[in-house]
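Enquirer: This is the structure I have questions about; it appears just below.
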Amino acid sequence: VSMTDVCIECLPPLVFSLSRKERVKVSNFNDAIQKVNFLSDATKRNKDVITWAFNVVSTRCWGPEEDKVIVPMADMLNHATDPEVAISYDEEGNCIAYTLKDVPAGSPLRMSYGDPTNPSQFFATYGFLDETSPATFCKIMYIQPNQELLDIGFDFSRMLFYKDTGDISEEVWDVLLYQTLMGNKEMQQAFYQAHMQGDVDTKRQIHQQYFLQTSTALKAHVDSFLESLDDLADRANDKDPSQHPRLPLIQKHNEFVKTTFLRVKARLDPMVAQAAGEEVLA
């Protein structure tokens, strides 16, 4: 919420959307503060103080949106993809922090703030970039999921591009194939039923039959998203970081995503070329 409007405009679509939601929360918090009788008018008019108060709470709490908690001392634990500490609660609601492995003296004690495959969520909510994240959401946001797509695996935490290898999760292929088959409802339902029934052979056969279409669609998405990241980089480079202090971190986030997408592209382009060549030969 400390980002300027210019900072927000330099964000890719997912983290842009998440950051806008954080701003809405601040606005709602400000509206609620205005109704607190014991606060002075000066405090109610001080947007910096209100934003600070919101950040103090929102960056130190965890849990589901409808049941977030703050625990003194535990709220000071930083995040790690491979944490040293986990949190549990006893029957009386007491919070218990316990180590998951032997921790040498002088080592940090860190917990997991949530799904490590979605660094954009951490960036928007907590304001840091988790460079240890093994993967990132594939950024396919133009599909409006129905229940069948959700069953297949349409989920930000499952549709992944892997940072170090450029691997593509099965859910990405499944969702794109389902979309590719929108014009062939009979085949689409055959694929959906094969997925739901665990019929691996039928599912694989349909994937192979439509691989050129799905891989071409994915390549178009990757290429387009890389172009958009270059546009965002140009936009950020024209701005003054002293006026927009979150820009360097935003640029670092965007570069992290770009590196992942380039690794995916390096694996995907040969797949598409091979599939296209086989189609010509057939």
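How things are named: the first chain in the structure tokens is A, the next is B, and so on; residues count from 1 in each chain; ligands count from 1 in the order shown.
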Extract, using only C-alpha atoms, all DNA, RNA and protein residues at most 7 Å from Lys163 in chain A, discarding same-chain residues fewer than 6 positions from it, and format them as a ChimeraX atom specification.
Expert: /A:134-135,260
Enquirer: Could you pull the residues within 6 Å of Ala80 in chain A, counting only C-alpha atoms, minus those fewer than 3 positions along the same chain, as a tab-separated table (two decimals) with N, CA, C and O atoms, in the first residue's frame?
Expert:
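Once written, part.tsv looks like this:
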```tsv
chain	number	residue	atom	x	y	z
A	83	PRO	N	11.11	-23.43	5.76
A	83	PRO	CA	11.18	-22.80	7.08
A	83	PRO	C	11.78	-23.69	8.16
A	83	PRO	O	11.81	-24.92	8.03
A	110	ARG	N	12.48	-18.98	10.85
A	110	ARG	CA	11.53	-18.47	9.87
A	110	ARG	C	10.36	-19.44	9.72
A	110	ARG	O	10.53	-20.65	9.91
A	111	MET	N	9.22	-18.91	9.37
A	111	MET	CA	8.03	-19.71	9.13
A	111	MET	C	7.58	-19.50	7.68
A	111	MET	O	8.11	-18.64	6.98
A	112	SER	N	6.60	-20.27	7.25
A	112	SER	CA	6.02	-20.06	5.92
A	112	SER	C	4.81	-19.15	6.05
A	112	SER	O	3.94	-19.39	6.89
```
Enquirer: Would you pick out the contacts of range 103-107 of chain A at 10 Å or less, using only C-alpha atoms, so that residues sharing its chain but fewer than 4 positions from it are not included, and give the list as a list in words?
Expert: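 So the residues in contact are Glu84, Val85 and Thr99 of chain A.
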Enquirer: Using DSSP on the backbone coordinates, identify the residues of range 57-243 of chain A assigned to strand (DSSP E or B); present them as a PyMOL selection string.
Expert: chain A and resi 62+69+78-79+85-89+95-99+110-111+135-137+160-162+168
Enquirer: If we count only C-alpha atoms, what is near range 140-147 of chain A at a cut-off of 10 Å, once residues fewer than 6 positions away on the same chain are taken out, given as a VMD selection string?
Expert: chain A and resid 13 to 14 153 to 156 159 to 160 172 175 to 176 179 218 221 to 222 225
Enquirer: List the neighbours of Thr136 in chain A out to 7 Å using only C-alpha atoms; skip same-chain residues closer than 4 positions along the sequence, and give me the result as a VMD selection string.
Expert: chain A and resid 117 to 119 160 to 162
